[in-house]
file target_2.pdb (PDB, C-alpha atoms)
ATOM      1  CA  MET Y   2      12.024 -20.193  22.009
ATOM      2  CA  THR Y   3      11.619 -18.572  18.595
ATOM      3  CA  PRO Y   4       9.058 -19.722  16.013
ATOM      4  CA  GLY Y   5      10.485 -22.431  13.818
ATOM      5  CA  THR Y   6      12.476 -24.166  16.573
ATOM      6  CA  GLY Y   7      11.520 -27.138  18.688
ATOM      7  CA  ALA Y   8       7.815 -27.670  19.224
ATOM      8  CA  GLU Y   9       6.979 -24.153  18.055
ATOM      9  CA  GLY Y  10       8.313 -25.002  14.624
ATOM     10  CA  HIS Y  11       5.163 -27.085  14.217
ATOM     11  CA  GLU Y  12       2.714 -24.372  15.258
ATOM     12  CA  TRP Y  13       0.007 -23.095  12.968
ATOM     13  CA  ARG Y  14       0.018 -19.355  12.305
ATOM     14  CA  GLY Y  15      -1.012 -16.902   9.638
ATOM     15  CA  TRP Y  16       1.212 -16.325   6.629
ATOM     16  CA  ARG Y  17       1.952 -12.769   7.747
ATOM     17  CA  ALA Y  18       3.595 -13.823  11.015
ATOM     18  CA  ALA Y  19       5.329 -16.796   9.387
ATOM     19  CA  VAL Y  20       6.833 -14.709   6.580
ATOM     20  CA  ARG Y  21       7.865 -11.905   8.931
ATOM     21  CA  GLU Y  22       9.906 -14.367  10.981
ATOM     22  CA  ALA Y  23      11.281 -16.247   7.949
ATOM     23  CA  LEU Y  24      12.456 -13.096   6.159
ATOM     24  CA  TYR Y  25      13.298 -10.648   8.927
ATOM     25  CA  GLY Y  26      13.716 -12.596  12.151
ATOM     26  CA  THR Y  27      17.045 -13.580  13.683
ATOM     27  CA  GLY Y  28      18.826 -15.545  10.960
ATOM     28  CA  GLY Y  29      16.061 -14.674   8.475
ATOM     29  CA  PHE Y  30      16.508 -14.680   4.728
ATOM     30  CA  TYR Y  31      17.088 -10.928   4.404
ATOM     31  CA  ARG Y  32      19.767 -10.936   7.082
ATOM     32  CA  ARG Y  33      21.991 -13.303   5.121
ATOM     33  CA  GLU Y  34      25.413 -12.123   3.991
ATOM     34  CA  GLU Y  35      24.825 -12.713   0.273
ATOM     35  CA  GLY Y  36      21.827 -10.381   0.177
ATOM     36  CA  PRO Y  37      18.913 -10.498  -2.266
ATOM     37  CA  ALA Y  38      21.195 -10.453  -5.336
ATOM     38  CA  GLY Y  39      22.361 -13.930  -4.358
ATOM     39  CA  HIS Y  40      18.900 -15.324  -5.015
ATOM     40  CA  PHE Y  41      17.061 -13.171  -7.562
ATOM     41  CA  ARG Y  42      17.724 -10.463 -10.118
ATOM     42  CA  THR Y  43      15.952  -7.119  -9.968
ATOM     43  CA  SER Y  44      16.011  -4.230 -12.426
ATOM     44  CA  VAL Y  45      18.801  -2.711 -10.318
ATOM     45  CA  HIS Y  46      20.981  -5.770 -10.909
ATOM     46  CA  ALA Y  47      20.004  -6.121 -14.581
ATOM     47  CA  SER Y  48      21.652  -2.925 -15.760
ATOM     48  CA  PRO Y  49      23.174   0.357 -14.553
ATOM     49  CA  LEU Y  50      20.685   1.983 -16.924
ATOM     50  CA  PHE Y  51      18.064   1.572 -14.214
ATOM     51  CA  ALA Y  52      20.043   3.575 -11.657
ATOM     52  CA  GLY Y  53      20.732   6.148 -14.357
ATOM     53  CA  ALA Y  54      17.008   6.508 -15.021
ATOM     54  CA  VAL Y  55      16.303   6.920 -11.303
ATOM     55  CA  ALA Y  56      19.044   9.564 -11.159
ATOM     56  CA  ARG Y  57      17.327  11.463 -13.985
ATOM     57  CA  LEU Y  58      14.055  11.188 -12.100
ATOM     58  CA  LEU Y  59      15.747  12.632  -9.009
ATOM     59  CA  CYS Y  60      17.009  15.523 -11.151
ATOM     60  CA  ARG Y  61      13.436  16.187 -12.324
ATOM     61  CA  VAL Y  62      12.267  16.196  -8.712
ATOM     62  CA  ASP Y  63      15.136  18.558  -7.886
ATOM     63  CA  GLU Y  64      13.931  20.991 -10.564
ATOM     64  CA  ALA Y  65      10.326  20.755  -9.345
ATOM     65  CA  LEU Y  66      11.511  21.544  -5.822
ATOM     66  CA  GLY Y  67      13.457  24.598  -6.985
ATOM     67  CA  ARG Y  68      16.899  23.042  -6.447
ATOM     68  CA  PRO Y  69      16.938  22.961  -2.648
ATOM     69  CA  ALA Y  70      20.188  23.220  -0.699
ATOM     70  CA  ALA Y  71      19.698  19.619   0.461
ATOM     71  CA  LEU Y  72      18.092  17.037  -1.823
ATOM     72  CA  ASP Y  73      17.161  13.665  -0.319
ATOM     73  CA  PHE Y  74      17.209  10.270  -2.004
ATOM     74  CA  VAL Y  75      15.724   7.441   0.058
ATOM     75  CA  ASP Y  76      16.241   3.883  -1.231
ATOM     76  CA  MET Y  77      13.697   1.608   0.457
ATOM     77  CA  ALA Y  78      14.611  -2.088   0.821
ATOM     78  CA  ALA Y  79      18.089  -1.192  -0.361
ATOM     79  CA  GLY Y  80      19.558  -4.695  -0.470
ATOM     80  CA  ARG Y  81      23.269  -4.003  -0.327
ATOM     81  CA  GLY Y  82      22.975  -0.367  -1.436
ATOM     82  CA  GLU Y  83      23.366  -1.044  -5.156
ATOM     83  CA  LEU Y  84      20.707   1.441  -6.281
ATOM     84  CA  ALA Y  85      21.755   4.244  -3.943
ATOM     85  CA  GLY Y  86      25.366   3.886  -5.059
ATOM     86  CA  GLY Y  87      24.387   3.770  -8.734
ATOM     87  CA  VAL Y  88      22.216   6.871  -8.431
ATOM     88  CA  LEU Y  89      24.976   8.875  -6.749
ATOM     89  CA  ALA Y  90      27.414   7.804  -9.457
ATOM     90  CA  ALA Y  91      25.012   8.825 -12.244
ATOM     91  CA  LEU Y  92      24.052  12.266 -10.883
ATOM     92  CA  PRO Y  93      25.579  15.437 -12.281
ATOM     93  CA  ALA Y  94      28.296  16.658  -9.916
ATOM     94  CA  GLU Y  95      26.334  19.742  -8.852
ATOM     95  CA  VAL Y  96      23.277  17.669  -7.917
ATOM     96  CA  ALA Y  97      25.330  14.936  -6.241
ATOM     97  CA  ALA Y  98      26.999  17.561  -4.044
ATOM     98  CA  ARG Y  99      23.585  18.525  -2.614
ATOM     99  CA  THR Y 100      22.201  14.983  -2.353
ATOM    100  CA  ARG Y 101      21.775  13.180   0.949
ATOM    101  CA  ALA Y 102      21.411   9.474   0.200
ATOM    102  CA  TYR Y 103      19.748   7.049   2.611
ATOM    103  CA  ALA Y 104      19.639   3.267   2.242
ATOM    104  CA  VAL Y 105      16.837   1.682   4.276
ATOM    105  CA  GLU Y 106      17.398  -2.000   5.051
ATOM    106  CA  ILE Y 107      17.114  -4.333   8.054
ATOM    107  CA  ALA Y 108      20.452  -6.058   7.324
ATOM    108  CA  GLY Y 109      23.728  -4.530   8.506
ATOM    109  CA  ARG Y 110      25.666  -1.991   6.470
ATOM    110  CA  PRO Y 111      27.770  -3.778   3.832
ATOM    111  CA  ALA Y 112      31.511  -3.278   3.797
ATOM    112  CA  GLY Y 113      32.843  -0.864   1.212
ATOM    113  CA  LEU Y 114      29.588   1.040   0.706
ATOM    114  CA  ASP Y 115      29.981   4.632  -0.484
ATOM    115  CA  HIS Y 116      30.552   6.730   2.639
ATOM    116  CA  ARG Y 117      27.995   9.282   1.398
ATOM    117  CA  ILE Y 118      25.170   6.769   1.915
ATOM    118  CA  GLU Y 119      23.599   6.744   5.363
ATOM    119  CA  TRP Y 120      22.401   3.258   6.385
ATOM    120  CA  LEU Y 121      19.093   3.176   8.287
ATOM    121  CA  ALA Y 122      16.557   0.624   9.501
ATOM    122  CA  ALA Y 123      13.616   2.957   8.730
ATOM    123  CA  PRO Y 124      13.127   5.901   6.373
ATOM    124  CA  PRO Y 125      14.117   9.275   7.842
ATOM    125  CA  GLU Y 126      11.385  11.754   8.680
ATOM    126  CA  GLY Y 127      10.962  15.146   7.042
ATOM    127  CA  THR Y 128      12.756  14.485   3.766
ATOM    128  CA  THR Y 129      12.618  16.579   0.602
ATOM    129  CA  GLY Y 130      13.308  14.732  -2.626
ATOM    130  CA  LEU Y 131      12.687  11.204  -3.943
ATOM    131  CA  LEU Y 132      11.696   8.108  -2.005
ATOM    132  CA  PHE Y 133      12.144   5.049  -4.236
ATOM    133  CA  ALA Y 134      10.944   1.571  -3.257
ATOM    134  CA  ASN Y 135      12.086  -1.035  -5.768
ATOM    135  CA  GLU Y 136      10.610  -4.469  -4.963
ATOM    136  CA  TRP Y 137       9.896  -3.581  -1.354
ATOM    137  CA  LEU Y 138       6.139  -3.951  -1.029
ATOM    138  CA  ASP Y 139       6.098  -7.500  -2.403
ATOM    139  CA  ASN Y 140       8.119  -8.512   0.668
ATOM    140  CA  VAL Y 141       5.863  -6.763   3.180
ATOM    141  CA  PRO Y 142       4.183  -9.828   4.740
ATOM    142  CA  VAL Y 143       0.445 -10.262   4.216
ATOM    143  CA  GLU Y 144      -2.246 -12.649   5.334
ATOM    144  CA  VAL Y 145      -3.589 -15.126   2.786
ATOM    145  CA  ALA Y 146      -7.296 -15.940   2.478
ATOM    146  CA  GLU Y 147      -8.919 -18.974   0.846
ATOM    147  CA  VAL Y 148     -12.571 -19.797   0.192
ATOM    148  CA  ASP Y 149     -13.769 -22.957   1.939
ATOM    149  CA  SER Y 150     -16.334 -25.490   0.730
ATOM    150  CA  ALA Y 151     -19.161 -23.407   2.220
ATOM    151  CA  GLY Y 152     -18.096 -20.288   0.294
ATOM    152  CA  THR Y 153     -16.537 -18.506   3.279
ATOM    153  CA  ALA Y 154     -13.173 -16.741   3.008
ATOM    154  CA  ARG Y 155     -10.895 -17.982   5.781
ATOM    155  CA  LEU Y 156      -7.350 -17.132   6.807
ATOM    156  CA  VAL Y 157      -4.775 -19.653   5.628
ATOM    157  CA  LEU Y 158      -2.551 -20.968   8.418
ATOM    158  CA  VAL Y 159       0.882 -22.420   7.735
ATOM    159  CA  ARG Y 160       3.614 -24.377   9.493
ATOM    160  CA  GLU Y 161       7.337 -23.848   9.086
ATOM    161  CA  ASP Y 162       7.488 -26.774   6.631
ATOM    162  CA  GLY Y 163       4.934 -25.072   4.341
ATOM    163  CA  SER Y 164       1.940 -27.281   5.148
ATOM    164  CA  GLU Y 165      -1.341 -25.353   5.304
ATOM    165  CA  ARG Y 166      -4.825 -25.508   6.741
ATOM    166  CA  LEU Y 167      -7.724 -23.066   6.955
ATOM    167  CA  GLY Y 168      -8.281 -21.003  10.077
ATOM    168  CA  GLU Y 169     -10.930 -18.547  11.201
ATOM    169  CA  PRO Y 170     -13.121 -16.582   8.774
ATOM    170  CA  VAL Y 171     -11.628 -13.292   7.622
ATOM    171  CA  ASP Y 172     -13.236 -10.424   9.529
ATOM    172  CA  GLY Y 173     -12.832  -6.766  10.493
ATOM    173  CA  ASP Y 174     -10.598  -4.486   8.461
ATOM    174  CA  GLN Y 175      -9.207  -7.422   6.511
ATOM    175  CA  ALA Y 176     -12.676  -8.487   5.389
ATOM    176  CA  ARG Y 177     -13.460  -4.912   4.392
ATOM    177  CA  TRP Y 178     -10.230  -4.754   2.394
ATOM    178  CA  LEU Y 179     -11.149  -7.952   0.536
ATOM    179  CA  ARG Y 180     -14.618  -6.678  -0.307
ATOM    180  CA  ARG Y 181     -13.207  -3.406  -1.623
ATOM    181  CA  TRP Y 182     -10.075  -4.552  -3.418
ATOM    182  CA  TRP Y 183     -10.138  -8.319  -4.010
ATOM    183  CA  PRO Y 184     -13.665  -9.736  -3.680
ATOM    184  CA  LEU Y 185     -13.665 -13.528  -3.709
ATOM    185  CA  ALA Y 186     -16.510 -15.448  -5.308
ATOM    186  CA  GLY Y 187     -17.951 -18.390  -3.395
ATOM    187  CA  GLU Y 188     -15.936 -21.037  -5.256
ATOM    188  CA  ALA Y 189     -13.859 -23.253  -2.977
ATOM    189  CA  GLY Y 190     -10.112 -22.896  -3.392
ATOM    190  CA  LEU Y 191     -10.041 -19.295  -4.624
ATOM    191  CA  ARG Y 192      -7.312 -17.343  -2.844
ATOM    192  CA  ALA Y 193      -6.240 -13.767  -2.242
ATOM    193  CA  GLU Y 194      -3.406 -11.981  -0.497
ATOM    194  CA  ILE Y 195      -4.842  -9.361   1.852
ATOM    195  CA  GLY Y 196      -2.813  -6.249   1.050
ATOM    196  CA  LEU Y 197      -3.887  -4.097   3.996
ATOM    197  CA  THR Y 198      -0.437  -4.189   5.627
ATOM    198  CA  ARG Y 199       1.138  -3.038   2.361
ATOM    199  CA  ASP Y 200      -1.279  -0.128   2.046
ATOM    200  CA  GLU Y 201      -0.343   0.919   5.574
ATOM    201  CA  ALA Y 202       3.397   0.479   4.968
ATOM    202  CA  TRP Y 203       3.260   2.581   1.812
ATOM    203  CA  ALA Y 204       1.223   5.337   3.476
ATOM    204  CA  SER Y 205       3.736   5.448   6.339
ATOM    205  CA  ALA Y 206       6.681   5.695   3.934
ATOM    206  CA  VAL Y 207       5.043   8.467   1.902
ATOM    207  CA  ALA Y 208       4.285  10.348   5.125
ATOM    208  CA  THR Y 209       8.032  10.740   5.759
ATOM    209  CA  LEU Y 210       8.247  13.035   2.697
ATOM    210  CA  ASP Y 211       7.641  16.723   3.324
ATOM    211  CA  ARG Y 212       7.820  17.449  -0.408
ATOM    212  CA  GLY Y 213       8.885  15.435  -3.397
ATOM    213  CA  LEU Y 214       7.972  12.180  -5.086
ATOM    214  CA  ALA Y 215       7.490   8.642  -3.808
ATOM    215  CA  VAL Y 216       7.690   5.727  -6.240
ATOM    216  CA  ALA Y 217       6.947   2.050  -5.598
ATOM    217  CA  VAL Y 218       8.042  -0.466  -8.243
ATOM    218  CA  ASP Y 219       6.826  -4.060  -8.086
ATOM    219  CA  TYR Y 220       5.224  -6.955  -9.887
ATOM    220  CA  ALA Y 221       1.619  -5.883  -9.543
ATOM    221  CA  HIS Y 222      -2.006  -6.505 -10.435
ATOM    222  CA  THR Y 223      -5.091  -4.330 -10.447
ATOM    223  CA  ALA Y 224      -8.755  -4.862  -9.622
ATOM    224  CA  ASP Y 225      -9.675  -5.734 -13.208
ATOM    225  CA  ALA Y 226      -7.250  -8.681 -13.303
ATOM    226  CA  ARG Y 227      -6.649 -10.195  -9.884
ATOM    227  CA  PRO Y 228      -5.100 -13.692 -10.043
ATOM    228  CA  PRO Y 229      -7.756 -16.209  -8.901
ATOM    229  CA  PHE Y 230      -5.394 -18.277  -6.766
ATOM    230  CA  GLY Y 231      -3.036 -15.585  -5.510
ATOM    231  CA  THR Y 232       0.659 -15.195  -6.289
ATOM    232  CA  LEU Y 233       2.500 -16.334  -3.158
ATOM    233  CA  THR Y 234       5.778 -17.976  -4.148
ATOM    234  CA  GLY Y 235       9.414 -18.442  -3.143
ATOM    235  CA  PHE Y 236      12.807 -17.853  -4.733
ATOM    236  CA  ARG Y 237      16.042 -19.625  -3.933
ATOM    237  CA  GLU Y 238      19.363 -19.284  -5.789
ATOM    238  CA  GLY Y 239      17.738 -17.709  -8.822
ATOM    239  CA  ARG Y 240      14.927 -20.245  -9.154
ATOM    240  CA  GLU Y 241      11.266 -20.044  -8.298
ATOM    241  CA  THR Y 242      10.322 -22.523  -5.609
ATOM    242  CA  THR Y 243       7.507 -23.368  -3.220
ATOM    243  CA  ALA Y 244       7.015 -20.755  -0.514
ATOM    244  CA  VAL Y 245       8.230 -22.384   2.697
ATOM    245  CA  PRO Y 246       8.562 -20.069   5.723
ATOM    246  CA  ASP Y 247      11.688 -21.618   7.224
ATOM    247  CA  GLY Y 248      14.177 -18.864   6.292
ATOM    248  CA  SER Y 249      15.673 -20.823   3.372
ATOM    249  CA  CYS Y 250      14.106 -18.773   0.567
ATOM    250  CA  ASP Y 251      12.643 -15.421  -0.326
ATOM    251  CA  ILE Y 252       8.858 -15.330  -0.028
ATOM    252  CA  THR Y 253       7.009 -12.852  -2.170
ATOM    253  CA  ALA Y 254       3.587 -12.045  -3.576
ATOM    254  CA  HIS Y 255       2.580  -9.553  -6.254
ATOM    255  CA  VAL Y 256       1.203  -6.240  -5.046
ATOM    256  CA  ALA Y 257      -2.269  -4.737  -5.415
ATOM    257  CA  LEU Y 258      -0.713  -1.370  -6.218
ATOM    258  CA  ASP Y 259      -4.076   0.220  -6.977
ATOM    259  CA  ALA Y 260      -5.061  -0.404  -3.349
ATOM    260  CA  CYS Y 261      -1.819   1.172  -2.109
ATOM    261  CA  ALA Y 262      -2.256   4.371  -4.129
ATOM    262  CA  LEU Y 263      -3.006   7.503  -2.133
ATOM    263  CA  PRO Y 264      -4.938  10.492  -3.568
ATOM    264  CA  GLY Y 265      -3.025  11.929  -6.512
ATOM    265  CA  GLY Y 266      -1.079   8.733  -7.173
ATOM    266  CA  ARG Y 267      -1.136   6.934 -10.494
ATOM    267  CA  LEU Y 268       0.018   3.625 -11.935
ATOM    268  CA  LEU Y 269       1.946   2.971 -15.110
ATOM    269  CA  PRO Y 270       4.019   0.069 -16.435
ATOM    270  CA  GLN Y 271       7.794   0.175 -16.079
ATOM    271  CA  ARG Y 272       8.310   0.350 -19.825
ATOM    272  CA  GLU Y 273       6.376   3.624 -20.000
ATOM    273  CA  ALA Y 274       8.153   5.070 -16.978
ATOM    274  CA  LEU Y 275      11.599   4.177 -18.311
ATOM    275  CA  HIS Y 276      10.754   5.421 -21.790
ATOM    276  CA  ALA Y 277       9.828   8.756 -20.205
ATOM    277  CA  LEU Y 278      13.240   8.746 -18.521
ATOM    278  CA  GLY Y 279      15.165   8.056 -21.716
ATOM    279  CA  VAL Y 280      15.551   4.266 -21.573
ATOM    280  CA  THR Y 281      14.132   3.062 -24.890
ATOM    281  CA  GLY Y 282      16.118   0.046 -26.109
ATOM    282  CA  ALA Y 283      16.557   1.596 -29.562
ATOM    283  CA  ARG Y 284      19.394   0.017 -31.536
ATOM    284  CA  PRO Y 285      22.277   2.302 -32.556
ATOM    285  CA  PRO Y 286      22.531   3.249 -36.259
ATOM    286  CA  LEU Y 287      24.562   0.828 -38.348
ATOM    287  CA  THR Y 288      26.630   3.713 -39.650
ATOM    288  CA  LEU Y 289      28.192   3.975 -36.188
ATOM    289  CA  ALA Y 290      29.678   0.497 -36.658
ATOM    290  CA  SER Y 291      31.891   1.761 -39.471
ATOM    291  CA  THR Y 292      32.769   5.169 -38.004
ATOM    292  CA  ASP Y 293      33.323   4.074 -34.376
ATOM    293  CA  PRO Y 294      33.121   0.284 -33.892
ATOM    294  CA  ALA Y 295      33.857   0.409 -30.158
ATOM    295  CA  ALA Y 296      31.098   2.953 -29.554
ATOM    296  CA  TYR Y 297      28.732   0.831 -31.636
ATOM    297  CA  VAL Y 298      29.426  -2.247 -29.509
ATOM    298  CA  ARG Y 299      28.858  -0.251 -26.298
ATOM    299  CA  ALA Y 300      25.641   1.247 -27.664
ATOM    300  CA  LEU Y 301      24.431  -2.186 -28.801
ATOM    301  CA  ALA Y 302      25.040  -3.665 -25.344
ATOM    302  CA  SER Y 303      23.204  -0.741 -23.765
ATOM    303  CA  ALA Y 304      20.264  -1.249 -26.114
ATOM    304  CA  GLY Y 305      20.092  -4.908 -25.091
ATOM    305  CA  GLU Y 306      20.009  -3.980 -21.416
ATOM    306  CA  ALA Y 307      17.338  -1.360 -22.050
ATOM    307  CA  ALA Y 308      15.282  -3.916 -23.962
ATOM    308  CA  GLU Y 309      15.418  -6.276 -20.964
ATOM    309  CA  LEU Y 310      14.317  -3.531 -18.562
ATOM    310  CA  THR Y 311      11.327  -2.644 -20.751
ATOM    311  CA  ALA Y 312      10.395  -6.064 -22.160
ATOM    312  CA  ALA Y 313       6.782  -7.183 -22.243
ATOM    313  CA  GLY Y 314       6.354 -10.376 -20.232
ATOM    314  CA  GLY Y 315       9.382  -9.446 -18.114
ATOM    315  CA  LEU Y 316      10.741  -6.462 -16.230
ATOM    316  CA  GLY Y 317       8.797  -4.060 -18.426
ATOM    317  CA  ASP Y 318       5.577  -5.368 -16.883
ATOM    318  CA  PHE Y 319       6.494  -4.140 -13.412
ATOM    319  CA  GLY Y 320       4.069  -1.570 -12.077
ATOM    320  CA  TRP Y 321       5.200   1.898 -10.993
ATOM    321  CA  LEU Y 322       3.088   3.706  -8.415
ATOM    322  CA  VAL Y 323       3.988   7.390  -8.670
ATOM    323  CA  GLN Y 324       2.935   9.492  -5.693
ATOM    324  CA  PRO Y 325       3.671  13.258  -5.802
ATOM    325  CA  VAL Y 326       3.848  15.119  -2.493
ATOM    326  CA  GLY Y 327       3.544  18.867  -2.936
ATOM    327  CA  VAL Y 328       5.086  18.848  -6.426
ATOM    328  CA  PRO Y 329       3.789  18.101  -9.947
ATOM    329  CA  ASP Y 330       3.965  14.577 -11.356
ATOM    330  CA  VAL Y 331       7.353  14.896 -13.065
ATOM    331  CA  LEU Y 332       6.905  11.612 -14.936
ATOM    332  CA  ARG Y 333       4.045  12.942 -17.042
ATOM    333  CA  VAL Y 334       5.217  13.614 -20.603
TER     334      VAL Y 334
END
call {"tool": "encode", "arguments": {"input": "target_2.pdb", "output": "C-alpha cells"}}
result
Amino acid sequence: MTPGTGAEGHEWRGWRAAVREALYGTGGFYRREEGPAGHFRTSVHASPLFAGAVARLLCRVDEALGRPAALDFVDMAAGRGELAGGVLAALPAEVAARTRAYAVEIAGRPAGLDHRIEWLAAPPEGTTGLLFANEWLDNVPVEVAEVDSAGTARLVLVREDGSERLGEPVDGDQARWLRRWWPLAGEAGLRAEIGLTRDEAWASAVATLDRGLAVAVDYAHTADARPPFGTLTGFREGRETTAVPDGSCDITAHVALDACALPGGRLLPQREALHALGVTGARPPLTLASTDPAAYVRALASAGEAAELTAAGGLGDFGWLVQPVGVPDVLRV
C-alpha cells in the first residue's frame, strides 16, 4: 500500500517524505500530462528571451572552453523540454551543430520534442558545457522545523490532508545545518526549511560537470534575511494555495542558495544576470515607429517581456547561483 491510500493516508511523516511522494511518486504531481506549465509560469514560459539569454550564456561557456568538438547543455527539471528546445533554436548554427542537449526530468518524454534532445531521469556524467537548473531546487523536498513552546526546534510532521503536528527534536546533520545556515531563536512558532538535501542535490549535479558552468535559478533567500515562518506553499492551476501533500498541487519552498553554493560560486539577482546577457527591457526609440512600424511593435513587445523577466518584486528577484567548474565566471562583466 502506498502512502496516501487507505490507513496509510492518515500516517504522520516528515514533510520531506510527504512531498517526495506527492510530487514524484506514482501518480504524483510532476508525472501529470499537463506538466508544470499547466499550474505555474516560470521565466521559461514568460518569454523566449529567457531561452535566448541562456543560449548566449552557453556560447560564452563555449568560448571559455575553447570551442570543444562536443558542447553539452543539461536542462535540470526540464518540465516538457521548453528551455532545451528554446536554447537549441536560439544558438548560432555552428554552435548548435556541436551541442548535445539533455533534458533531465522524472516524467516521460513528451511527444513532438526536438529529436536532438536526449531525455534522461538523471544528469549525465562527465559533461563539458552548461548545466542549468531553473526552478529545480525549490522542488527538492526538505524537512520543516518549528520551535515548540519550550524553545526547542522540532521536525514538523504532516498527514496527506495537510494537518500538522510536531515530532522529535531536530538533531544530527540537520541540527548542524540549522545552526550554520538558519538559526532559530527560542520563540514558539518560528519555522525553517532544512535545506541540507538541496545542498547535497546541487553538489551532486555540479559533480557531473568535468568543465563548464552550473547555474541554479530559484526564488531564494540568504542568511541576512531568512523568512521567520518559512516559505512552504502550494500552487494549483496558476494560483497559490495551501501546501497539501496529496498530489493535487505543486509544493515548493524558497531556496537558501547561499547554503548550496560551493567554493567559487556566487549569487546575483536575475535582473543583473539577464542584463549581463543582453536582456534589458529598454524601450525602442520612437523614431522606429515612423520608419518601421512593424519592427517597432515587435521591439516594444520584446521590451515588455524583458521588463517582466527583470522586474523588481517579480521574476527579476530570482536568485542565480553561478558555479564555475574549471573555467572563469563568464557572467562577470
call {"tool": "residues_around", "arguments": {"input": "target_2.pdb", "residues": "range 57-73 of chain Y", "least_positions_apart": "2", "cutoff": "10 Å", "atoms": "all atoms listed in the file", "output": "PyMOL selection string"}}
result
chain Y and resi 51-55+75-76+88+91-93+96-103+125+127-133+210+212-214+274-275+277-279+325+327-332
call {"tool": "residues_around", "arguments": {"input": "target_2.pdb", "residues": "range 145-149 of chain Y", "least_positions_apart": "6", "cutoff": "8 Å", "atoms": "all atoms listed in the file", "output": "JSON, numbers by chain"}}
result
{"Y": [15, 16, 17, 155, 156, 157, 167, 171, 185, 187, 188, 189, 190, 191, 192, 193, 194, 195]}
call {"tool": "residues_around", "arguments": {"input": "target_2.pdb", "residues": "range 234-251 of chain Y", "least_positions_apart": "4", "cutoff": "6 Å", "atoms": "all atoms listed in the file", "output": "PDB file with C-alpha atoms, keeping the file's coordinate frame"}}
result
ATOM      1  CA  ALA Y  19       5.329 -16.796   9.387  1.00  0.00           C
ATOM      2  CA  VAL Y  20       6.833 -14.709   6.580  1.00  0.00           C
ATOM      3  CA  ALA Y  23      11.281 -16.247   7.949  1.00  0.00           C
ATOM      4  CA  GLY Y  29      16.061 -14.674   8.475  1.00  0.00           C
ATOM      5  CA  PHE Y  30      16.508 -14.680   4.728  1.00  0.00           C
ATOM      6  CA  HIS Y  40      18.900 -15.324  -5.015  1.00  0.00           C
ATOM      7  CA  PHE Y  41      17.061 -13.171  -7.562  1.00  0.00           C
ATOM      8  CA  GLU Y 161       7.337 -23.848   9.086  1.00  0.00           C
ATOM      9  CA  ASP Y 162       7.488 -26.774   6.631  1.00  0.00           C
ATOM     10  CA  GLY Y 163       4.934 -25.072   4.341  1.00  0.00           C
TER      11      GLY Y 163
END
call {"tool": "axis_aligned_box", "arguments": {"input": "target_2.pdb", "around": "range 16-23 of chain Y", "padding_each_side": "5 Å", "output": "AutoDock Vina command-line options"}}
result
--center_x 6.2 --center_y -14.4 --center_z 8.8 --size_x 20.1 --size_y 14.9 --size_z 14.4
call {"tool": "closest_residue", "arguments": {"input": "target_2.pdb", "among": "Y:Ser164, Y:Ala186, Y:Leu263, Y:Asp225", "to": "Glu201 in chain Y", "atoms": "all atoms listed in the file"}}
result
Y:Leu263
call {"tool": "atom_distance", "arguments": {"input": "target_2.pdb", "atom1": "CA of Ala221 in chain Y", "atom2": "CA of Ala176 in chain Y"}}
result
20.8 Å
call {"tool": "atom_distance", "arguments": {"input": "target_2.pdb", "atom1": "CA of Leu179 in chain Y", "atom2": "CA of Ala260 in chain Y"}}
result
10.4 Å
call {"tool": "atom_distance", "arguments": {"input": "target_2.pdb", "atom1": "CA of Val45 in chain Y", "atom2": "CA of Ala94 in chain Y"}}
result
21.6 Å
call {"tool": "closest_residue", "arguments": {"input": "target_2.pdb", "among": "Y:Pro229, Y:Gly26, Y:Gly320, Y:Gly168", "to": "Pro184 in chain Y", "atoms": "only C-alpha atoms"}}
result
Y:Pro229
call {"tool": "residues_around", "arguments": {"input": "target_2.pdb", "residues": "Phe319 in chain Y", "least_positions_apart": "2", "cutoff": "8 Å", "atoms": "all atoms listed in the file", "output": "list in words"}}
result
Val218, Asp219, Tyr220, Ala221, Pro270, Gln271, Gly315, Leu316, Gly317 and Trp321 of chain Y
call {"tool": "residues_near_point", "arguments": {"input": "target_2.pdb", "point": "(27.4, 8.0, 0.3)", "cutoff": "10 Å", "atoms": "all atoms listed in the file", "output": "list in words"}}
result
Gly82, Ala85, Gly86, Leu89, Ala90, Ala97, Thr100, Arg101, Ala102, Tyr103, Ala104, Leu114, Asp115, His116, Arg117, Ile118, Glu119 and Trp120 of chain Y
call {"tool": "closest_residue", "arguments": {"input": "target_2.pdb", "among": "Y:Ala295, Y:Leu197, Y:Leu50, Y:Val159", "to": "His276 in chain Y", "atoms": "all atoms listed in the file"}}
result
Y:Leu50
